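Shown next: coords.cif, given as mmCIF, C-alpha atoms.
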```
data_final
#
loop_
_atom_site.label_atom_id
_atom_site.label_comp_id
_atom_site.auth_asym_id
_atom_site.auth_seq_id
_atom_site.Cartn_x
_atom_site.Cartn_y
_atom_site.Cartn_z
CA MET F 14 0.00 0.00 0.00
CA GLU F 15 1.32 3.45 -0.92
CA ILE F 16 1.35 5.98 1.88
CA THR F 17 -0.35 9.35 1.41
CA ALA F 18 1.49 12.60 2.16
CA ALA F 19 -0.16 12.71 5.59
CA ALA F 20 0.08 9.08 6.58
CA ARG F 21 -3.10 7.69 8.14
CA VAL F 22 -2.20 5.74 11.28
CA GLY F 23 -4.41 3.62 13.52
CA ILE F 24 -3.11 2.92 17.02
CA VAL F 25 -4.22 -0.14 18.98
CA GLY F 26 -3.50 0.25 22.69
CA ALA F 27 -3.69 3.18 25.07
CA GLY F 28 -1.24 2.24 27.83
CA GLY F 29 1.95 3.88 29.05
CA ILE F 30 3.84 3.69 25.76
CA ALA F 31 0.96 4.97 23.60
CA PRO F 32 1.49 8.73 24.17
CA LEU F 33 5.03 8.47 22.82
CA HIS F 34 3.77 6.81 19.63
CA VAL F 35 0.90 9.31 19.24
CA ALA F 36 3.24 12.28 19.66
CA GLY F 37 5.77 10.74 17.29
CA TRP F 38 3.23 10.23 14.52
CA LEU F 39 1.74 13.71 14.95
CA ALA F 40 5.22 15.23 14.70
CA LEU F 41 5.51 13.50 11.31
CA GLY F 42 2.28 15.08 10.13
CA ALA F 43 0.24 11.88 10.30
CA GLU F 44 -3.51 11.65 10.77
CA VAL F 45 -3.98 9.51 13.86
CA GLY F 46 -6.88 7.45 15.16
CA ILE F 47 -6.93 5.22 18.22
CA LEU F 48 -9.05 2.20 19.07
CA ARG F 49 -11.51 2.78 21.90
CA ARG F 50 -9.95 1.23 24.99
CA THR F 51 -9.40 2.37 28.58
CA GLY F 52 -7.37 5.56 28.32
CA ALA F 53 -8.13 6.24 24.65
CA GLU F 54 -10.52 9.14 25.35
CA GLU F 55 -7.92 10.84 27.53
CA LEU F 56 -5.30 10.52 24.78
CA ALA F 57 -7.76 11.80 22.20
CA GLY F 58 -8.47 14.86 24.31
CA ARG F 59 -4.80 15.52 24.98
CA TYR F 60 -3.62 15.17 21.38
CA GLY F 61 -6.70 15.98 19.32
CA ILE F 62 -6.94 12.57 17.65
CA ARG F 63 -10.07 10.60 16.83
CA VAL F 64 -11.34 7.54 18.70
CA VAL F 65 -12.62 4.60 16.64
CA ASP F 66 -14.98 2.06 18.21
CA GLU F 67 -14.13 -1.13 16.30
CA LEU F 68 -10.81 -2.64 15.20
CA ASP F 69 -12.00 -3.37 11.66
CA ALA F 70 -13.11 0.24 11.25
CA LEU F 71 -9.76 1.48 12.54
CA ILE F 72 -7.91 -0.78 10.09
CA ASP F 73 -10.17 0.23 7.18
CA GLY F 74 -9.48 3.91 7.85
CA CYS F 75 -5.70 3.80 8.01
CA GLU F 76 -2.61 2.85 6.04
CA ILE F 77 -0.42 1.88 8.99
CA VAL F 78 -1.53 0.00 12.09
CA ASP F 79 0.59 0.73 15.17
CA ILE F 80 0.20 -2.03 17.79
CA VAL F 81 1.03 -0.98 21.36
CA SER F 82 -1.33 -3.38 23.13
CA PRO F 83 -0.37 -6.30 25.45
CA THR F 84 1.98 -8.78 23.79
CA ARG F 85 -0.48 -11.70 23.68
CA THR F 86 -2.74 -9.65 21.35
CA HIS F 87 -0.07 -8.74 18.77
CA LEU F 88 -0.37 -11.70 16.39
CA ASP F 89 -4.13 -11.54 15.93
CA ILE F 90 -4.20 -7.78 15.41
CA ALA F 91 -1.29 -7.90 12.97
CA ARG F 92 -2.88 -10.68 10.94
CA ARG F 93 -6.09 -8.68 10.58
CA ALA F 94 -4.08 -5.67 9.46
CA PHE F 95 -2.08 -7.70 6.94
CA ILE F 96 -5.24 -9.25 5.45
CA ALA F 97 -6.48 -5.72 4.84
CA GLY F 98 -3.19 -4.78 3.16
CA ARG F 99 -1.97 -2.50 5.95
CA HIS F 100 1.61 -2.00 7.09
CA VAL F 101 2.26 -2.68 10.78
CA VAL F 102 4.42 -1.15 13.48
CA CYS F 103 4.51 -3.47 16.50
CA GLU F 104 5.90 -2.74 19.92
CA LYS F 105 8.47 -5.15 21.24
CA PRO F 106 8.31 -8.05 21.67
CA LEU F 107 6.72 -8.95 18.35
CA ALA F 108 4.92 -11.89 19.94
CA VAL F 109 4.87 -14.19 22.95
CA THR F 110 7.03 -16.82 21.22
CA ALA F 111 9.45 -16.90 18.31
CA SER F 112 7.09 -19.26 16.50
CA GLU F 113 4.32 -16.65 16.67
CA ALA F 114 6.75 -13.93 15.60
CA GLU F 115 7.76 -16.06 12.60
CA ARG F 116 4.11 -16.44 11.66
CA MET F 117 3.68 -12.68 11.86
CA LEU F 118 6.71 -12.14 9.63
CA GLN F 119 5.42 -14.67 7.09
CA ALA F 120 1.93 -13.16 7.08
CA ALA F 121 3.37 -9.74 6.25
CA ALA F 122 5.47 -11.21 3.45
CA ASP F 123 2.49 -13.10 2.03
CA ALA F 124 0.41 -9.91 2.04
CA GLY F 125 3.18 -7.85 0.44
CA VAL F 126 3.24 -5.29 3.27
CA ARG F 127 5.84 -4.16 5.80
CA LEU F 128 6.31 -5.18 9.42
CA PHE F 129 8.39 -2.99 11.71
CA PRO F 130 9.39 -4.20 15.20
CA ALA F 131 9.62 -1.17 17.49
CA HIS F 132 12.94 -1.86 19.20
CA VAL F 133 13.38 1.77 20.15
CA VAL F 134 16.73 1.41 21.94
CA ARG F 135 18.44 1.16 18.54
CA TYR F 136 17.35 4.78 18.09
CA PHE F 137 18.77 6.14 21.34
CA GLU F 138 21.78 8.20 20.35
CA GLY F 139 24.11 6.66 22.92
CA TYR F 140 23.41 3.12 21.75
CA ARG F 141 23.58 4.14 18.11
CA ARG F 142 27.02 5.65 18.70
CA LEU F 143 28.17 2.40 20.33
CA GLN F 144 27.10 0.47 17.26
CA GLU F 145 28.77 2.93 14.89
CA ARG F 146 32.10 2.70 16.79
CA ILE F 147 32.07 -1.02 17.52
CA ASP F 148 34.75 -1.82 14.93
CA SER F 149 37.19 0.62 16.58
CA ILE F 150 37.77 -1.58 19.64
CA GLY F 151 38.88 -4.74 17.85
CA ALA F 152 37.56 -8.27 18.33
CA LEU F 153 34.71 -8.23 20.83
CA LEU F 154 35.38 -9.96 24.14
CA GLU F 155 32.68 -9.00 26.65
CA LEU F 156 29.49 -6.94 26.67
CA THR F 157 27.59 -5.91 29.80
CA PHE F 158 24.08 -4.46 29.83
CA ARG F 159 21.80 -3.43 32.69
CA ARG F 160 18.31 -1.90 32.65
CA THR F 161 16.51 -0.88 35.85
CA VAL F 162 13.01 0.61 36.09
CA ALA F 163 10.11 0.86 38.48
CA ALA F 164 7.84 -2.16 38.14
CA PRO F 165 4.94 -1.45 35.74
CA ALA F 166 1.43 -0.77 37.03
CA SER F 167 -0.60 -3.12 34.80
CA ALA F 168 -1.06 -6.69 36.05
CA TRP F 169 -0.56 -8.35 32.65
CA PHE F 170 3.16 -7.52 32.73
CA TYR F 171 3.63 -10.05 35.54
CA ALA F 172 1.96 -13.00 33.76
CA GLN F 173 5.17 -14.65 32.61
CA ASP F 174 3.39 -17.47 30.78
CA ALA F 175 0.81 -15.23 29.11
CA GLY F 176 2.88 -12.60 27.35
CA GLY F 177 4.44 -10.72 30.25
CA GLY F 178 7.56 -11.35 32.29
CA LEU F 179 10.69 -9.36 33.12
CA ILE F 180 12.86 -10.96 30.45
CA ARG F 181 10.21 -10.80 27.74
CA ASP F 182 9.07 -7.24 28.39
CA LEU F 183 12.09 -5.35 29.72
CA MET F 184 15.27 -7.31 29.11
CA ILE F 185 14.41 -7.84 25.44
CA HIS F 186 15.69 -4.30 24.78
CA ASP F 187 19.21 -5.33 25.72
CA LEU F 188 18.98 -8.82 24.23
CA ASP F 189 18.34 -6.99 20.96
CA GLN F 190 21.31 -4.71 21.65
CA ALA F 191 23.55 -7.73 22.22
CA LEU F 192 22.49 -9.13 18.85
CA TRP F 193 22.97 -5.76 17.15
CA LEU F 194 26.45 -5.25 18.56
CA ALA F 195 27.87 -8.77 18.74
CA GLY F 196 25.82 -10.88 16.34
CA PRO F 197 24.21 -14.33 16.56
CA VAL F 198 24.07 -16.29 19.80
CA VAL F 199 24.85 -20.00 20.26
CA GLU F 200 24.17 -20.49 23.99
CA VAL F 201 21.86 -18.89 26.56
CA SER F 202 21.91 -19.25 30.34
CA ALA F 203 19.37 -17.50 32.57
CA THR F 204 18.59 -16.94 36.25
CA GLN F 205 15.81 -14.94 37.92
CA ASP F 206 15.39 -13.91 41.56
CA PRO F 207 12.77 -14.50 42.78
CA PRO F 208 11.49 -17.07 40.28
CA ALA F 209 7.94 -16.88 38.98
CA VAL F 210 5.34 -18.75 41.06
CA ASP F 211 2.54 -20.36 39.06
CA GLY F 212 3.66 -18.25 36.10
CA ILE F 213 3.41 -14.93 37.99
CA VAL F 214 6.39 -12.65 38.66
CA GLU F 215 6.41 -10.69 41.92
CA PRO F 216 8.56 -7.53 42.01
CA PRO F 217 11.07 -6.53 43.14
CA VAL F 218 12.67 -8.99 40.75
CA SER F 219 15.92 -9.23 38.82
CA ALA F 220 16.99 -11.48 35.95
CA HIS F 221 20.42 -12.19 34.55
CA VAL F 222 21.07 -13.78 31.16
CA THR F 223 24.45 -14.79 29.79
CA LEU F 224 24.80 -15.07 26.01
CA THR F 225 27.63 -16.79 24.19
CA HIS F 226 27.91 -15.32 20.70
CA ALA F 227 29.03 -17.23 17.62
CA ASN F 228 32.13 -15.01 17.43
CA GLY F 229 33.16 -16.00 20.97
CA ALA F 230 32.08 -12.80 22.71
CA ILE F 231 30.11 -13.09 25.96
CA SER F 232 27.19 -10.79 26.85
CA HIS F 233 25.95 -10.35 30.43
CA VAL F 234 22.45 -8.89 30.48
CA ARG F 235 20.62 -7.85 33.66
CA ALA F 236 17.15 -6.36 34.09
CA ASP F 237 15.37 -5.18 37.24
CA TRP F 238 11.79 -4.32 38.14
CA PHE F 239 12.06 -2.44 41.42
CA GLU F 240 9.81 -0.45 43.75
CA PRO F 241 7.59 2.47 42.59
CA GLY F 242 9.66 5.61 42.20
CA THR F 243 12.81 3.75 41.14
CA PRO F 244 14.56 6.00 38.59
CA PHE F 245 15.05 4.61 35.11
CA ARG F 246 18.64 3.74 34.26
CA SER F 247 20.28 1.74 31.50
CA THR F 248 23.96 1.06 30.92
CA ALA F 249 26.08 -0.69 28.32
CA GLU F 250 29.80 -1.45 28.30
CA VAL F 251 31.56 -3.18 25.44
CA THR F 252 35.13 -4.47 25.71
CA GLY F 253 37.23 -5.41 22.71
CA ALA F 254 40.79 -6.54 22.14
CA ILE F 255 42.09 -2.97 21.79
CA GLY F 256 39.61 -0.80 23.64
CA SER F 257 36.21 -0.36 25.24
CA LEU F 258 33.05 1.69 24.83
CA ARG F 259 30.49 2.72 27.44
CA PHE F 260 27.07 4.32 27.66
CA ASP F 261 25.08 5.24 30.78
CA THR F 262 21.81 7.16 30.81
CA ALA F 263 22.82 8.59 34.19
CA ASP F 264 25.47 10.62 32.37
CA LEU F 265 22.73 12.39 30.43
CA GLY F 266 21.03 13.93 33.45
CA VAL F 267 17.32 13.74 34.23
CA VAL F 268 15.37 11.09 32.34
CA ARG F 269 11.86 12.24 31.50
CA GLU F 270 8.95 9.88 32.23
CA GLY F 271 11.31 6.91 32.50
CA TYR F 272 11.41 6.55 28.72
CA LEU F 273 13.01 9.55 27.04
CA PRO F 274 16.50 11.00 27.29
CA PRO F 275 16.89 14.72 28.02
CA ALA F 276 15.59 17.23 25.52
CA SER F 277 19.12 17.72 24.20
CA GLU F 278 18.92 14.22 22.68
CA THR F 279 16.86 13.32 19.60
CA ASP F 280 13.47 11.77 20.42
CA PRO F 281 14.10 8.06 19.76
CA TYR F 282 10.41 7.25 19.41
CA GLY F 283 9.94 9.85 16.70
CA ALA F 284 13.18 8.72 15.05
CA GLN F 285 12.07 5.09 14.81
CA LEU F 286 8.68 6.01 13.33
CA ALA F 287 10.33 8.36 10.83
CA ASP F 288 12.74 5.59 9.83
CA PHE F 289 9.88 3.17 9.22
CA LEU F 290 7.84 5.69 7.28
CA ASP F 291 10.84 6.45 5.08
CA ALA F 292 11.44 2.72 4.52
CA VAL F 293 7.84 2.20 3.43
CA ARG F 294 7.95 5.14 1.04
CA THR F 295 11.34 4.28 -0.49
CA GLY F 296 11.16 0.50 -0.34
CA GLY F 297 14.40 0.43 1.66
CA ASP F 298 15.24 -1.26 4.95
CA ALA F 299 14.60 0.28 8.33
CA ARG F 300 17.23 0.06 11.06
CA VAL F 301 15.25 -2.78 12.65
CA THR F 302 14.08 -5.60 10.38
CA PRO F 303 11.34 -8.18 11.00
CA GLU F 304 14.09 -10.78 11.29
CA ASP F 305 15.67 -8.73 14.09
CA GLY F 306 12.38 -8.82 15.95
CA VAL F 307 12.09 -12.59 15.58
CA ALA F 308 15.71 -13.12 16.69
CA ALA F 309 15.14 -11.13 19.89
CA VAL F 310 12.06 -13.19 20.75
CA ALA F 311 14.03 -16.37 20.09
CA LEU F 312 16.53 -15.29 22.76
CA VAL F 313 13.64 -14.68 25.16
CA ASP F 314 12.34 -18.20 24.44
CA ALA F 315 15.80 -19.62 25.11
CA ALA F 316 16.14 -17.67 28.35
CA TYR F 317 12.85 -19.00 29.69
CA ALA F 318 13.81 -22.51 28.56
CA SER F 319 17.04 -22.12 30.54
CA LEU F 320 15.12 -20.96 33.61
CA ALA F 321 12.83 -23.99 33.36
CA ALA F 322 15.68 -26.46 32.84
CA GLY F 323 18.12 -24.91 35.28
CA ARG F 324 20.95 -25.13 32.77
CA PRO F 325 22.27 -23.40 29.63
CA VAL F 326 20.35 -23.85 26.37
CA MET F 327 22.07 -24.29 23.03
CA LEU F 328 20.72 -22.51 19.95
#
```
Starting from the file, lay out its structure as structure tokens.
Amino acid sequence: MEITAAARVGIVGAGGIAPLHVAGWLALGAEVGILRRTGAEELAGRYGIRVVDELDALIDGCEIVDIVSPTRTHLDIARRAFIAGRHVVCEKPLAVTASEAERMLQAAADAGVRLFPAHVVRYFEGYRRLQERIDSIGALLELTFRRTVAAPASAWFYAQDAGGGLIRDLMIHDLDQALWLAGPVVEVSATQDPPAVDGIVEPPVSAHVTLTHANGAISHVRADWFEPGTPFRSTAEVTGAIGSLRFDTADLGVVREGYLPPASETDPYGAQLADFLDAVRTGGDARVTPEDGVAAVALVDAAYASLAAGRPVML
């Protein structure tokens, strides 16, 4: 589907991440509608966008469907959008399992439309600079990532077996970074404290995943859901044979709303949407491909398999 000058976008989901997507699309001159859900009316009033009662009507009236709803709903919504010939932006993770993510990728290909996984950390300037300079430090040896936030408010995030979970929802950002910086993974080992009980995670909770990359590099990835009021912080340190690189959001100063860097930095949410829109219009690749989204979910699957087995998992 060709995109009009003012792209018509339909957003599904009205939770904490939705305002950043709405603002990003409006900054690009898009016409935005949002599916009627809890919180949609408030967003419509704040941003001057329309509310649409039914999903089919939202899809019919747009060119791009932007899915920011709970993870377990992604596959069904995306399929309906693809059948209608609509392009899709989908918040991370693409799906609950890599198998579902593969089916989403294939459905987009069969329909001849584009699928864009919204792995926004690739658009944070500090992480982008790490990736651009990665060759300057020689053969990669060790990568260390940590991401700490206040535990989310919505209960679905804690249903580890139904689309939520600390590794699936939060750590996936840095699992994707490890893939972006160091390439494919051959072994995954995971721990979580405390473990889920009957599939439910209780914060405060931390998880640690060790990745062995095909090139021999090792990535240590930690994520934390802590008490309300915990300041957002993410760090990355990459060590190579002849040097190292480091990024820490604490060095940037105050972090707004737990999601955005200071105003001196480019808005990463707007940057990722602009990249996707340009890719659709030019036929080129965006910085994040559907295959990248599937690969990140595959690492999540392996991490949970390692937790269940109590041992490393080979890929």
Could you give me, as an mmCIF file with C-alpha atoms, in the coordinates of the input, the residues that sit within 9 Å of (18.8, 6.4, 15.0) in the file's coordinates, counting only C-alpha atoms?
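selection-v3.cif, freshly written:
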```
data_model
loop_
_atom_site.group_PDB
_atom_site.id
_atom_site.type_symbol
_atom_site.label_atom_id
_atom_site.label_comp_id
_atom_site.auth_asym_id
_atom_site.auth_seq_id
_atom_site.Cartn_x
_atom_site.Cartn_y
_atom_site.Cartn_z
ATOM 1 C CA VAL F 133 13.380 1.770 20.150
ATOM 2 C CA VAL F 134 16.730 1.410 21.940
ATOM 3 C CA ARG F 135 18.440 1.160 18.540
ATOM 4 C CA TYR F 136 17.350 4.780 18.090
ATOM 5 C CA PHE F 137 18.770 6.140 21.340
ATOM 6 C CA GLU F 138 21.780 8.200 20.350
ATOM 7 C CA TYR F 140 23.410 3.120 21.750
ATOM 8 C CA ARG F 141 23.580 4.140 18.110
ATOM 9 C CA THR F 279 16.860 13.320 19.600
ATOM 10 C CA PRO F 281 14.100 8.060 19.760
ATOM 11 C CA ALA F 284 13.180 8.720 15.050
ATOM 12 C CA GLN F 285 12.070 5.090 14.810
ATOM 13 C CA ASP F 288 12.740 5.590 9.830
ATOM 14 C CA ARG F 300 17.230 0.060 11.060
#
```
Let me make sure I understand: among F:Ile147, F:Ile231, F:Leu286, F:Met184, which one has the smallest atom-to-atom distance to Val22 in chain F if we use all atoms listed in the file?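 Counting all atoms listed in the file, the residue closest to Val22 in chain F is F:Leu286.
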Just so the selection is clear, what residues does the PyMOL selection byres ((chain F and resi 207) around 10) cover here, as a ChimeraX atom specification? /F:204-206,208-210,214-220
Contacts of range 77-90 of chain F at 8 Å (all atoms listed in the file; same-chain gap of 6+ positions) as number ranges by chain: F: 20-28, 30-31, 99-109, 113-114, 117, 169, 175-177
Looking at all atoms listed in the file, which of F:Met327, F:Ile150, F:Glu15, F:Ala263 is the one that sits closest to Phe245 in chain F? F:Ala263
Considering only C-alpha atoms, can you say which of F:Ile16, F:Leu188, F:Leu194, F:Leu265 comes closest to Gly139 in chain F?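 Of all the options, F:Leu265 lies closest to Gly139 in chain F.
Residues lying within 9 Å of Pro241 in chain F, counting all atoms listed in the file and ignoring same-chain neighbours fewer than 5 positions away, are Val162, Ala163, Ala164, Pro165 and Ala166 of chain F.
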Pull out every residue that the PyMOL selection byres ((chain F and resi 60-70) around 10) matches in the shown coordinates and put them as a PyMOL selection string. chain F and resi 23-25+32+35-36+39+44-50+53-59+71-75+90+93-94+97
If the PyMOL selection byres ((chain F and resi 249) around 7) were run on this exact file, what residues would it hold? Put them as a list of chain:residue names. F:Thr157, F:Phe158, F:Arg159, F:Thr248, F:Glu250, F:Val251, F:Arg259, F:Phe260, F:Asp261
If I put a ball of radius 9 Å at (37.4, -4.0, 24.7) in the file's coordinates, which residues poke into it when counting only C-alpha atoms, written as a PyMOL selection string? chain F and resi 150-156+250-258
Prev. selection, C-alpha atoms, output as a JSON list (two decimals), in the frame of the given file:
```
[["chain", "number", "residue", "atom", "x", "y", "z"],
["F", 150, "ILE", "CA", 37.77, -1.58, 19.64],
["F", 151, "GLY", "CA", 38.88, -4.74, 17.85],
["F", 152, "ALA", "CA", 37.56, -8.27, 18.33],
["F", 153, "LEU", "CA", 34.71, -8.23, 20.83],
["F", 154, "LEU", "CA", 35.38, -9.96, 24.14],
["F", 155, "GLU", "CA", 32.68, -9.00, 26.65],
["F", 156, "LEU", "CA", 29.49, -6.94, 26.67],
["F", 250, "GLU", "CA", 29.80, -1.45, 28.30],
["F", 251, "VAL", "CA", 31.56, -3.18, 25.44],
["F", 252, "THR", "CA", 35.13, -4.47, 25.71],
["F", 253, "GLY", "CA", 37.23, -5.41, 22.71],
["F", 254, "ALA", "CA", 40.79, -6.54, 22.14],
["F", 255, "ILE", "CA", 42.09, -2.97, 21.79],
["F", 256, "GLY", "CA", 39.61, -0.80, 23.64],
["F", 257, "SER", "CA", 36.21, -0.36, 25.24],
["F", 258, "LEU", "CA", 33.05, 1.69, 24.83]]
```
Around range 258-265 of chain F, with edges along x, y and z and 6 Å added on all six sides, what centre and edge lengths do you get, in Å to one decimal, as AutoDock Vina command-line options?
```
--center_x 27.4 --center_y 7.0 --center_z 29.5 --size_x 23.2 --size_y 22.7 --size_z 21.4
```
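Atom pair CA of Tyr171 in chain F / CA of Gly212 in chain F: separated by 8.2 Å.
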Nearest to Gly42 in chain F: which of F:Ser247, F:Gln173, F:Ser167, F:Gly283 is it, counting only C-alpha atoms?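 Looking at the shortest contact to Gly42 in chain F, the residue is F:Gly283.
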Suppose you want the space between CA of Val201 in chain F and CA of Leu312 in chain F; what is it in Å?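 So the two atoms, CA of Val201 in chain F and CA of Leu312 in chain F, lie 7.5 Å apart.
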